[in-house]
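Okay, structure first, notes after.
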Amino acid sequence: MSRKVIIAGNWKMNKTAAEGKALVEALKPLVADVTDADVVVCPPFTTISAVVEAAKGSNIKVGAQNIHWAESGAFTGEISAAMLKETGIDYVIIGHSERRQYFGETDETVNKRIKAALAADLIPIVCIGELLEEREGGKTEAVLDTQLKGGLADLTGDDMKKIALAYEPVWAIGTGKTATPEMAEETHAFIRKTLNDMFGKEIGEGVRIQYGGSMKSENAQQLVAQPNIDGGLIGGAALKADSFSALVHNALTE
Ligand code: 13P
């Protein structure tokens, strides 16, 4: 089954509105030729509107980095699906390991956020991944299985058609340590098998699984060439137009 490649930049807590606008203005001409992949940038909340405006008329799509599950209410510091939708974005990252690590995100809250995003017609990019000690302790598959079963609980096959997953081994994020293409592929294949078991092969084979963790232009081609790696979720290399564009183009090189 052919799955459209998706390369998303997670800007994390970087770029003011003015900086984000400048980055997208610089990126637009560099990726204007990309037609066979989804190119997405995910700025911080306060930068979203400027980036949506700058990306208008281009092939760059915009996403957020988090979403709350309630429609409204006493949730200081949180942002609802309707608020995000109003800005004109299409995607939202959910369950990033930094949110799990620093902000108490659990599989249960990931599940609630996914449902809120789907209800608002936003495409969730759902992050999963193991810690270094879990990898070294031979627990990677058990950890991913729990994250998938918990995070995707009660979702239907139709829901899964609208979701992308991002496998980000936590030990590879921002460390310069990338999983080798073989290691990443082995894990992506496990994730695919788990999805097939949960939702049936027809659905599981259609879900896009991005890789994240020190992906850059130099290793993007080898990673995305793997049968079960359908793109990337990029941190550091997404913060400059030239490095992000080089990564996107290399990822798409046969
Ligand atoms: P780096 O590309 O900086 O390792 O970050 C990966 C990541 O966490 C993307 O969500």
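Ligands are numbered from 1 in the order shown, chains are lettered A, B, ... in the order of the structure tokens, and residues start at 1 in each chain.
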Cut-off 9 Å, only C-alpha atoms and all ligand atoms, neighbours of ligand 1 as a ChimeraX atom specification
/A:8-12,93,96-98,127,166,168-178,211-216,232-238
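Near A:Gln222, within 9 Å and counting only C-alpha atoms, sit Thr180, Pro181, Asn250 and Ala251 of chain A; same-chain residues fewer than 5 positions away were not included.
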Go ahead and write the residues just picked, N, CA and C atoms, as a PDB file, in the first residue's frame.
```pdb
ATOM      1  N   THR A 180      19.433   3.560  13.969  1.00  0.00           N
ATOM      2  CA  THR A 180      19.867   3.191  12.620  1.00  0.00           C
ATOM      3  C   THR A 180      18.600   2.917  11.802  1.00  0.00           C
ATOM      4  N   PRO A 181      18.685   3.056  10.486  1.00  0.00           N
ATOM      5  CA  PRO A 181      17.492   2.775   9.671  1.00  0.00           C
ATOM      6  C   PRO A 181      16.946   1.373   9.942  1.00  0.00           C
ATOM      7  N   ASN A 250      15.792  15.402   0.544  1.00  0.00           N
ATOM      8  CA  ASN A 250      16.529  14.136   0.674  1.00  0.00           C
ATOM      9  C   ASN A 250      15.607  12.979   1.046  1.00  0.00           C
ATOM     10  N   ALA A 251      14.644  13.268   1.906  1.00  0.00           N
ATOM     11  CA  ALA A 251      13.701  12.204   2.314  1.00  0.00           C
ATOM     12  C   ALA A 251      12.945  11.651   1.117  1.00  0.00           C
TER      13      ALA A 251
END
```
Which residues come within 6 Å of A:Ile125, counting only C-alpha atoms, excluding same-chain residues fewer than 5 positions away, as a VMD selection string?
chain A and resid 92 to 94 164 to 165
Residues from the last selection, all heavy atoms, saved as an mmCIF file, in the first residue's frame:
```cif
data_model
loop_
_atom_site.group_PDB
_atom_site.id
_atom_site.type_symbol
_atom_site.label_atom_id
_atom_site.label_comp_id
_atom_site.auth_asym_id
_atom_site.auth_seq_id
_atom_site.Cartn_x
_atom_site.Cartn_y
_atom_site.Cartn_z
ATOM 1 N N VAL A 92 -2.300 18.519 14.620
ATOM 2 C CA VAL A 92 -1.881 18.792 15.993
ATOM 3 C C VAL A 92 -1.059 17.608 16.519
ATOM 4 O O VAL A 92 -1.464 16.455 16.384
ATOM 5 C CB VAL A 92 -3.087 19.118 16.920
ATOM 6 C CG1 VAL A 92 -4.136 18.004 16.941
ATOM 7 C CG2 VAL A 92 -2.617 19.397 18.340
ATOM 8 N N ILE A 93 0.104 17.940 17.063
ATOM 9 C CA ILE A 93 0.951 16.922 17.695
ATOM 10 C C ILE A 93 0.343 16.583 19.058
ATOM 11 O O ILE A 93 -0.042 17.482 19.801
ATOM 12 C CB ILE A 93 2.392 17.461 17.886
ATOM 13 C CG1 ILE A 93 3.034 17.778 16.531
ATOM 14 C CG2 ILE A 93 3.243 16.459 18.665
ATOM 15 C CD1 ILE A 93 4.365 18.551 16.661
ATOM 16 N N ILE A 94 0.260 15.307 19.351
ATOM 17 C CA ILE A 94 -0.322 14.882 20.637
ATOM 18 C C ILE A 94 0.601 13.861 21.308
ATOM 19 O O ILE A 94 1.098 12.938 20.657
ATOM 20 C CB ILE A 94 -1.736 14.279 20.414
ATOM 21 C CG1 ILE A 94 -2.702 15.373 19.929
ATOM 22 C CG2 ILE A 94 -2.264 13.623 21.702
ATOM 23 C CD1 ILE A 94 -4.087 14.901 19.573
ATOM 24 N N ALA A 164 -1.966 10.247 12.085
ATOM 25 C CA ALA A 164 -0.595 9.816 11.804
ATOM 26 C C ALA A 164 0.060 9.485 13.142
ATOM 27 O O ALA A 164 -0.276 10.083 14.166
ATOM 28 C CB ALA A 164 0.174 10.926 11.099
ATOM 29 N N LEU A 165 0.967 8.535 13.131
ATOM 30 C CA LEU A 165 1.727 8.209 14.339
ATOM 31 C C LEU A 165 3.150 8.688 14.139
ATOM 32 O O LEU A 165 3.647 8.729 13.010
ATOM 33 C CB LEU A 165 1.759 6.702 14.584
ATOM 34 C CG LEU A 165 0.487 6.028 15.069
ATOM 35 C CD1 LEU A 165 0.735 4.533 15.227
ATOM 36 C CD2 LEU A 165 0.030 6.605 16.407
#
```
Please return as a list in words: the residues of stretch 42-250 of chain A that backbone DSSP assigns to strand (DSSP E or B).
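So the strand (DSSP E or B) residues in stretch 42-250 of chain A would be Cys42, Ile60, Lys61, Val62, Gly63, Ala64, Tyr91, Val92, Ile93, Ile94, Ile123, Pro124, Ile125, Val126, Cys127, Ile128, Ala164, Leu165, Ala166, Tyr167, Arg208, Ile209, Gln210, Tyr211, Gly212, Gly231, Gly232, Leu233 and Ile234 of chain A.
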Include N, CA and C atoms and write out the residues we just selected as a PDB file, in the first residue's frame.
```
ATOM      1  N   CYS A  42       4.909  23.071  12.834  1.00  0.00           N
ATOM      2  CA  CYS A  42       4.129  23.150  14.080  1.00  0.00           C
ATOM      3  C   CYS A  42       4.763  24.150  15.035  1.00  0.00           C
ATOM      4  N   ILE A  60       2.638  24.502   2.268  1.00  0.00           N
ATOM      5  CA  ILE A  60       3.023  24.245   3.663  1.00  0.00           C
ATOM      6  C   ILE A  60       1.772  24.249   4.539  1.00  0.00           C
ATOM      7  N   LYS A  61       1.601  23.162   5.284  1.00  0.00           N
ATOM      8  CA  LYS A  61       0.465  23.071   6.210  1.00  0.00           C
ATOM      9  C   LYS A  61       0.955  23.373   7.624  1.00  0.00           C
ATOM     10  N   VAL A  62       0.019  23.732   8.490  1.00  0.00           N
ATOM     11  CA  VAL A  62       0.406  24.165   9.833  1.00  0.00           C
ATOM     12  C   VAL A  62      -0.280  23.287  10.888  1.00  0.00           C
ATOM     13  N   GLY A  63       0.445  23.043  11.971  1.00  0.00           N
ATOM     14  CA  GLY A  63      -0.110  22.266  13.082  1.00  0.00           C
ATOM     15  C   GLY A  63       0.235  22.907  14.412  1.00  0.00           C
ATOM     16  N   ALA A  64      -0.453  22.459  15.465  1.00  0.00           N
ATOM     17  CA  ALA A  64      -0.148  22.899  16.828  1.00  0.00           C
ATOM     18  C   ALA A  64       0.637  21.788  17.531  1.00  0.00           C
ATOM     19  N   TYR A  91      -3.249  20.262  11.551  1.00  0.00           N
ATOM     20  CA  TYR A  91      -2.642  19.157  12.309  1.00  0.00           C
ATOM     21  C   TYR A  91      -2.463  19.539  13.770  1.00  0.00           C
ATOM     22  N   VAL A  92      -2.300  18.519  14.620  1.00  0.00           N
ATOM     23  CA  VAL A  92      -1.881  18.792  15.993  1.00  0.00           C
ATOM     24  C   VAL A  92      -1.059  17.608  16.519  1.00  0.00           C
ATOM     25  N   ILE A  93       0.104  17.940  17.063  1.00  0.00           N
ATOM     26  CA  ILE A  93       0.951  16.922  17.695  1.00  0.00           C
ATOM     27  C   ILE A  93       0.343  16.583  19.058  1.00  0.00           C
ATOM     28  N   ILE A  94       0.260  15.307  19.351  1.00  0.00           N
ATOM     29  CA  ILE A  94      -0.322  14.882  20.637  1.00  0.00           C
ATOM     30  C   ILE A  94       0.601  13.861  21.308  1.00  0.00           C
ATOM     31  N   ILE A 123      -5.987  16.802  12.240  1.00  0.00           N
ATOM     32  CA  ILE A 123      -5.281  15.531  12.070  1.00  0.00           C
ATOM     33  C   ILE A 123      -4.277  15.367  13.208  1.00  0.00           C
ATOM     34  N   PRO A 124      -4.475  14.378  14.079  1.00  0.00           N
ATOM     35  CA  PRO A 124      -3.528  14.179  15.178  1.00  0.00           C
ATOM     36  C   PRO A 124      -2.248  13.504  14.673  1.00  0.00           C
ATOM     37  N   ILE A 125      -1.111  13.996  15.139  1.00  0.00           N
ATOM     38  CA  ILE A 125       0.164  13.297  14.967  1.00  0.00           C
ATOM     39  C   ILE A 125       0.507  12.767  16.358  1.00  0.00           C
ATOM     40  N   VAL A 126       0.259  11.493  16.559  1.00  0.00           N
ATOM     41  CA  VAL A 126       0.331  10.902  17.899  1.00  0.00           C
ATOM     42  C   VAL A 126       1.724  10.311  18.138  1.00  0.00           C
ATOM     43  N   CYS A 127       2.394  10.822  19.175  1.00  0.00           N
ATOM     44  CA  CYS A 127       3.783  10.411  19.427  1.00  0.00           C
ATOM     45  C   CYS A 127       3.866   9.272  20.437  1.00  0.00           C
ATOM     46  N   ILE A 128       4.712   8.318  20.115  1.00  0.00           N
ATOM     47  CA  ILE A 128       5.016   7.222  21.037  1.00  0.00           C
ATOM     48  C   ILE A 128       6.521   6.991  20.995  1.00  0.00           C
ATOM     49  N   ALA A 164      -1.966  10.247  12.085  1.00  0.00           N
ATOM     50  CA  ALA A 164      -0.595   9.816  11.804  1.00  0.00           C
ATOM     51  C   ALA A 164       0.060   9.485  13.142  1.00  0.00           C
ATOM     52  N   LEU A 165       0.967   8.535  13.131  1.00  0.00           N
ATOM     53  CA  LEU A 165       1.727   8.209  14.339  1.00  0.00           C
ATOM     54  C   LEU A 165       3.150   8.688  14.139  1.00  0.00           C
ATOM     55  N   ALA A 166       3.799   9.052  15.230  1.00  0.00           N
ATOM     56  CA  ALA A 166       5.228   9.376  15.138  1.00  0.00           C
ATOM     57  C   ALA A 166       5.964   8.533  16.170  1.00  0.00           C
ATOM     58  N   TYR A 167       6.864   7.687  15.694  1.00  0.00           N
ATOM     59  CA  TYR A 167       7.702   6.913  16.615  1.00  0.00           C
ATOM     60  C   TYR A 167       8.957   7.723  16.897  1.00  0.00           C
ATOM     61  N   ARG A 208       0.042   6.229   8.487  1.00  0.00           N
ATOM     62  CA  ARG A 208       1.403   6.748   8.283  1.00  0.00           C
ATOM     63  C   ARG A 208       2.149   6.774   9.607  1.00  0.00           C
ATOM     64  N   ILE A 209       3.365   6.249   9.602  1.00  0.00           N
ATOM     65  CA  ILE A 209       4.188   6.230  10.813  1.00  0.00           C
ATOM     66  C   ILE A 209       5.468   7.015  10.531  1.00  0.00           C
ATOM     67  N   GLN A 210       5.554   8.194  11.157  1.00  0.00           N
ATOM     68  CA  GLN A 210       6.733   9.055  10.998  1.00  0.00           C
ATOM     69  C   GLN A 210       7.813   8.624  11.987  1.00  0.00           C
ATOM     70  N   TYR A 211       9.049   8.871  11.625  1.00  0.00           N
ATOM     71  CA  TYR A 211      10.153   8.660  12.575  1.00  0.00           C
ATOM     72  C   TYR A 211      10.604  10.024  13.102  1.00  0.00           C
ATOM     73  N   GLY A 212      10.953  10.091  14.377  1.00  0.00           N
ATOM     74  CA  GLY A 212      11.497  11.327  14.924  1.00  0.00           C
ATOM     75  C   GLY A 212      12.630  11.045  15.888  1.00  0.00           C
ATOM     76  N   GLY A 231       7.861   9.026   6.836  1.00  0.00           N
ATOM     77  CA  GLY A 231       8.150  10.446   6.954  1.00  0.00           C
ATOM     78  C   GLY A 231       8.871  10.731   8.248  1.00  0.00           C
ATOM     79  N   GLY A 232       8.818  11.996   8.673  1.00  0.00           N
ATOM     80  CA  GLY A 232       9.573  12.365   9.860  1.00  0.00           C
ATOM     81  C   GLY A 232       8.864  13.408  10.691  1.00  0.00           C
ATOM     82  N   LEU A 233       9.244  13.454  11.965  1.00  0.00           N
ATOM     83  CA  LEU A 233       8.855  14.546  12.858  1.00  0.00           C
ATOM     84  C   LEU A 233      10.172  15.133  13.345  1.00  0.00           C
ATOM     85  N   ILE A 234      10.409  16.382  12.952  1.00  0.00           N
ATOM     86  CA  ILE A 234      11.741  16.947  13.045  1.00  0.00           C
ATOM     87  C   ILE A 234      11.800  18.071  14.065  1.00  0.00           C
TER      88      ILE A 234
END
```
Please, which residues of stretch 54-95 of chain A, numbered as in this document, come out alpha helix (DSSP H) from DSSP, as a short mmCIF file (atom, residue, chain, number, x, y, z; two decimals) with N, CA and C atoms, in the first residue's frame?
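What follows is the written file selection-v8.cif:
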```
data_model
loop_
_atom_site.label_atom_id
_atom_site.label_comp_id
_atom_site.auth_asym_id
_atom_site.auth_seq_id
_atom_site.Cartn_x
_atom_site.Cartn_y
_atom_site.Cartn_z
N ALA A 54 1.36 33.51 6.73
CA ALA A 54 2.54 33.45 5.85
C ALA A 54 2.48 32.25 4.90
N ALA A 55 1.86 31.16 5.36
CA ALA A 55 1.83 29.92 4.56
C ALA A 55 0.71 29.91 3.53
N ALA A 81 -9.87 22.69 21.03
CA ALA A 81 -9.89 22.33 19.61
C ALA A 81 -10.49 23.45 18.76
N ALA A 82 -11.57 24.06 19.26
CA ALA A 82 -12.22 25.13 18.48
C ALA A 82 -11.29 26.33 18.31
N MET A 83 -10.53 26.62 19.37
CA MET A 83 -9.58 27.74 19.29
C MET A 83 -8.51 27.46 18.23
N LEU A 84 -8.06 26.22 18.21
CA LEU A 84 -7.03 25.84 17.22
C LEU A 84 -7.62 25.87 15.81
N LYS A 85 -8.80 25.29 15.69
CA LYS A 85 -9.43 25.18 14.38
C LYS A 85 -9.62 26.58 13.78
N GLU A 86 -9.99 27.52 14.63
CA GLU A 86 -10.25 28.89 14.17
C GLU A 86 -9.01 29.54 13.55
N THR A 87 -7.83 29.10 13.96
CA THR A 87 -6.60 29.69 13.42
C THR A 87 -6.31 29.23 11.98
#
```
Interatomic distance, atom CA of A:Leu148 to atom CA of A:Arg113 (Å, one decimal)
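Distance between the two atoms: 14.1 Å.
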So which residues touch A:Lys112 within 6 Å, counting only C-alpha atoms, skipping near sequence neighbours fewer than 3 positions away, as a list in words?
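Once the nearby chain positions are removed, what remains is Trp69, Thr109 and Lys115 of chain A.
All residues of protein, DNA or RNA that reach within 10 Å of A:Leu27, judged by only C-alpha atoms and not counting those fewer than 6 positions away in the chain, are A:Lys21, A:Ala55, A:Ser58, A:Ile60, A:Lys240, A:Ala241, A:Asp242, A:Ser243, A:Phe244, A:Ser245.
We find atom CA of A:Glu136 and atom CA of A:Thr187 to be spaced 14.0 Å apart.
Using only C-alpha atoms, the contacts of A:Gly20 at a cut-off of 9 Å, with sequence neighbours closer than 2 positions omitted, comprise A:Asn14, A:Lys15, A:Thr16, A:Ala17, A:Ala18, A:Ala22, A:Leu23, A:Val24, A:Glu25, A:Pro43, A:Thr47, A:Ile48, A:Ala50, A:Val51, A:Ala54.
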Just all heavy atoms for this one: save the residues we selected as an mmCIF file, in the first residue's frame.
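In the end it all went to again_39.cif:
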```cif
data_model
loop_
_atom_site.group_PDB
_atom_site.id
_atom_site.type_symbol
_atom_site.label_atom_id
_atom_site.label_comp_id
_atom_site.auth_asym_id
_atom_site.auth_seq_id
_atom_site.Cartn_x
_atom_site.Cartn_y
_atom_site.Cartn_z
ATOM 1 N N ASN A 14 10.236 27.409 20.318
ATOM 2 C CA ASN A 14 11.153 28.252 19.548
ATOM 3 C C ASN A 14 10.349 29.065 18.545
ATOM 4 O O ASN A 14 9.349 28.592 18.033
ATOM 5 C CB ASN A 14 12.156 27.379 18.773
ATOM 6 C CG ASN A 14 13.078 26.609 19.681
ATOM 7 O OD1 ASN A 14 13.937 27.177 20.339
ATOM 8 N ND2 ASN A 14 12.877 25.297 19.753
ATOM 9 N N LYS A 15 10.800 30.246 18.258
ATOM 10 C CA LYS A 15 10.275 31.153 17.238
ATOM 11 C C LYS A 15 9.109 32.013 17.736
ATOM 12 O O LYS A 15 8.012 31.524 17.989
ATOM 13 C CB LYS A 15 9.813 30.397 15.978
ATOM 14 C CG LYS A 15 10.875 29.487 15.349
ATOM 15 C CD LYS A 15 11.983 30.271 14.687
ATOM 16 C CE LYS A 15 13.079 29.337 14.173
ATOM 17 N NZ LYS A 15 14.254 30.080 13.705
ATOM 18 N N THR A 16 9.371 33.305 17.824
ATOM 19 C CA THR A 16 8.302 34.283 18.041
ATOM 20 C C THR A 16 7.489 34.362 16.757
ATOM 21 O O THR A 16 7.872 33.782 15.727
ATOM 22 C CB THR A 16 8.906 35.670 18.308
ATOM 23 O OG1 THR A 16 9.629 36.063 17.122
ATOM 24 C CG2 THR A 16 9.852 35.662 19.503
ATOM 25 N N ALA A 17 6.401 35.106 16.795
ATOM 26 C CA ALA A 17 5.569 35.246 15.600
ATOM 27 C C ALA A 17 6.390 35.818 14.438
ATOM 28 O O ALA A 17 6.312 35.333 13.303
ATOM 29 C CB ALA A 17 4.366 36.128 15.906
ATOM 30 N N ALA A 18 7.191 36.845 14.726
ATOM 31 C CA ALA A 18 7.982 37.473 13.659
ATOM 32 C C ALA A 18 9.015 36.479 13.106
ATOM 33 O O ALA A 18 9.228 36.386 11.887
ATOM 34 C CB ALA A 18 8.677 38.721 14.196
ATOM 35 N N ALA A 22 9.115 34.774 9.279
ATOM 36 C CA ALA A 22 10.314 34.862 8.434
ATOM 37 C C ALA A 22 10.765 33.468 7.988
ATOM 38 O O ALA A 22 11.158 33.263 6.831
ATOM 39 C CB ALA A 22 11.439 35.556 9.213
ATOM 40 N N LEU A 23 10.685 32.501 8.884
ATOM 41 C CA LEU A 23 11.080 31.135 8.532
ATOM 42 C C LEU A 23 10.192 30.573 7.427
ATOM 43 O O LEU A 23 10.676 29.993 6.443
ATOM 44 C CB LEU A 23 11.027 30.246 9.791
ATOM 45 C CG LEU A 23 11.241 28.737 9.640
ATOM 46 C CD1 LEU A 23 12.449 28.391 8.787
ATOM 47 C CD2 LEU A 23 11.404 28.097 11.013
ATOM 48 N N VAL A 24 8.889 30.776 7.558
ATOM 49 C CA VAL A 24 7.977 30.236 6.545
ATOM 50 C C VAL A 24 8.127 30.974 5.219
ATOM 51 O O VAL A 24 8.077 30.361 4.145
ATOM 52 C CB VAL A 24 6.518 30.250 7.063
ATOM 53 C CG1 VAL A 24 5.526 29.950 5.950
ATOM 54 C CG2 VAL A 24 6.374 29.219 8.176
ATOM 55 N N GLU A 25 8.340 32.269 5.274
ATOM 56 C CA GLU A 25 8.573 33.026 4.024
ATOM 57 C C GLU A 25 9.808 32.478 3.294
ATOM 58 O O GLU A 25 9.827 32.370 2.068
ATOM 59 C CB GLU A 25 8.781 34.523 4.304
ATOM 60 C CG GLU A 25 7.584 35.270 4.865
ATOM 61 C CD GLU A 25 6.409 35.384 3.891
ATOM 62 O OE1 GLU A 25 6.525 34.928 2.752
ATOM 63 O OE2 GLU A 25 5.363 35.922 4.325
ATOM 64 N N PRO A 43 4.335 25.409 14.945
ATOM 65 C CA PRO A 43 4.895 26.471 15.805
ATOM 66 C C PRO A 43 4.214 26.467 17.178
ATOM 67 O O PRO A 43 3.180 25.835 17.355
ATOM 68 C CB PRO A 43 4.533 27.753 15.060
ATOM 69 C CG PRO A 43 3.660 27.375 13.917
ATOM 70 C CD PRO A 43 3.324 25.932 14.017
ATOM 71 N N THR A 47 2.509 31.764 17.892
ATOM 72 C CA THR A 47 3.129 32.002 16.579
ATOM 73 C C THR A 47 2.251 31.470 15.445
ATOM 74 O O THR A 47 2.471 31.759 14.271
ATOM 75 C CB THR A 47 4.531 31.355 16.568
ATOM 76 O OG1 THR A 47 5.320 31.976 17.593
ATOM 77 C CG2 THR A 47 5.261 31.517 15.259
ATOM 78 N N ILE A 48 1.229 30.671 15.814
ATOM 79 C CA ILE A 48 0.435 29.974 14.796
ATOM 80 C C ILE A 48 -0.201 30.931 13.786
ATOM 81 O O ILE A 48 -0.079 30.738 12.574
ATOM 82 C CB ILE A 48 -0.658 29.092 15.463
ATOM 83 C CG1 ILE A 48 -0.009 27.845 16.083
ATOM 84 C CG2 ILE A 48 -1.711 28.685 14.448
ATOM 85 C CD1 ILE A 48 -0.975 26.947 16.833
ATOM 86 N N ALA A 50 0.437 33.959 12.744
ATOM 87 C CA ALA A 50 1.375 34.594 11.808
ATOM 88 C C ALA A 50 1.863 33.582 10.775
ATOM 89 O O ALA A 50 2.034 33.905 9.586
ATOM 90 C CB ALA A 50 2.564 35.173 12.577
ATOM 91 N N VAL A 51 2.058 32.341 11.209
ATOM 92 C CA VAL A 51 2.562 31.308 10.300
ATOM 93 C C VAL A 51 1.472 30.862 9.319
ATOM 94 O O VAL A 51 1.737 30.650 8.137
ATOM 95 C CB VAL A 51 3.135 30.122 11.128
ATOM 96 C CG1 VAL A 51 3.298 28.889 10.274
ATOM 97 C CG2 VAL A 51 4.473 30.522 11.751
ATOM 98 N N ALA A 54 1.364 33.505 6.735
ATOM 99 C CA ALA A 54 2.537 33.445 5.847
ATOM 100 C C ALA A 54 2.478 32.246 4.903
ATOM 101 O O ALA A 54 2.975 32.296 3.785
ATOM 102 C CB ALA A 54 3.813 33.394 6.688
#
```
Taking into account only C-alpha atoms, which residue in the set A:Ala142, A:Leu247, A:Ala189, A:Met198 is nearest to A:Gln221?
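Using only C-alpha atoms, A:Gln221 sits closest to A:Leu247.
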So how far away is atom CA of A:Ala119 from atom CA of A:Lys149, in Å?
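Taking atom CA of A:Lys149 as the start and atom CA of A:Ala119 as the end point, the length is 20.0 Å.
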Minimum-distance residue to A:Ala120, chosen among A:Leu252, A:Ala32, A:Ala70, A:Met160 (using only C-alpha atoms)
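Of A:Leu252, A:Ala32, A:Ala70, A:Met160, the one nearest A:Ala120 is A:Ala70, counting only C-alpha atoms.
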Using only C-alpha atoms, can you tell me which of A:Ala220, A:Gln65, A:Ala74, A:Asp121 comes closest to A:Gly95?
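Nearest candidate to A:Gly95 out of A:Ala220, A:Gln65, A:Ala74, A:Asp121: A:Gln65.
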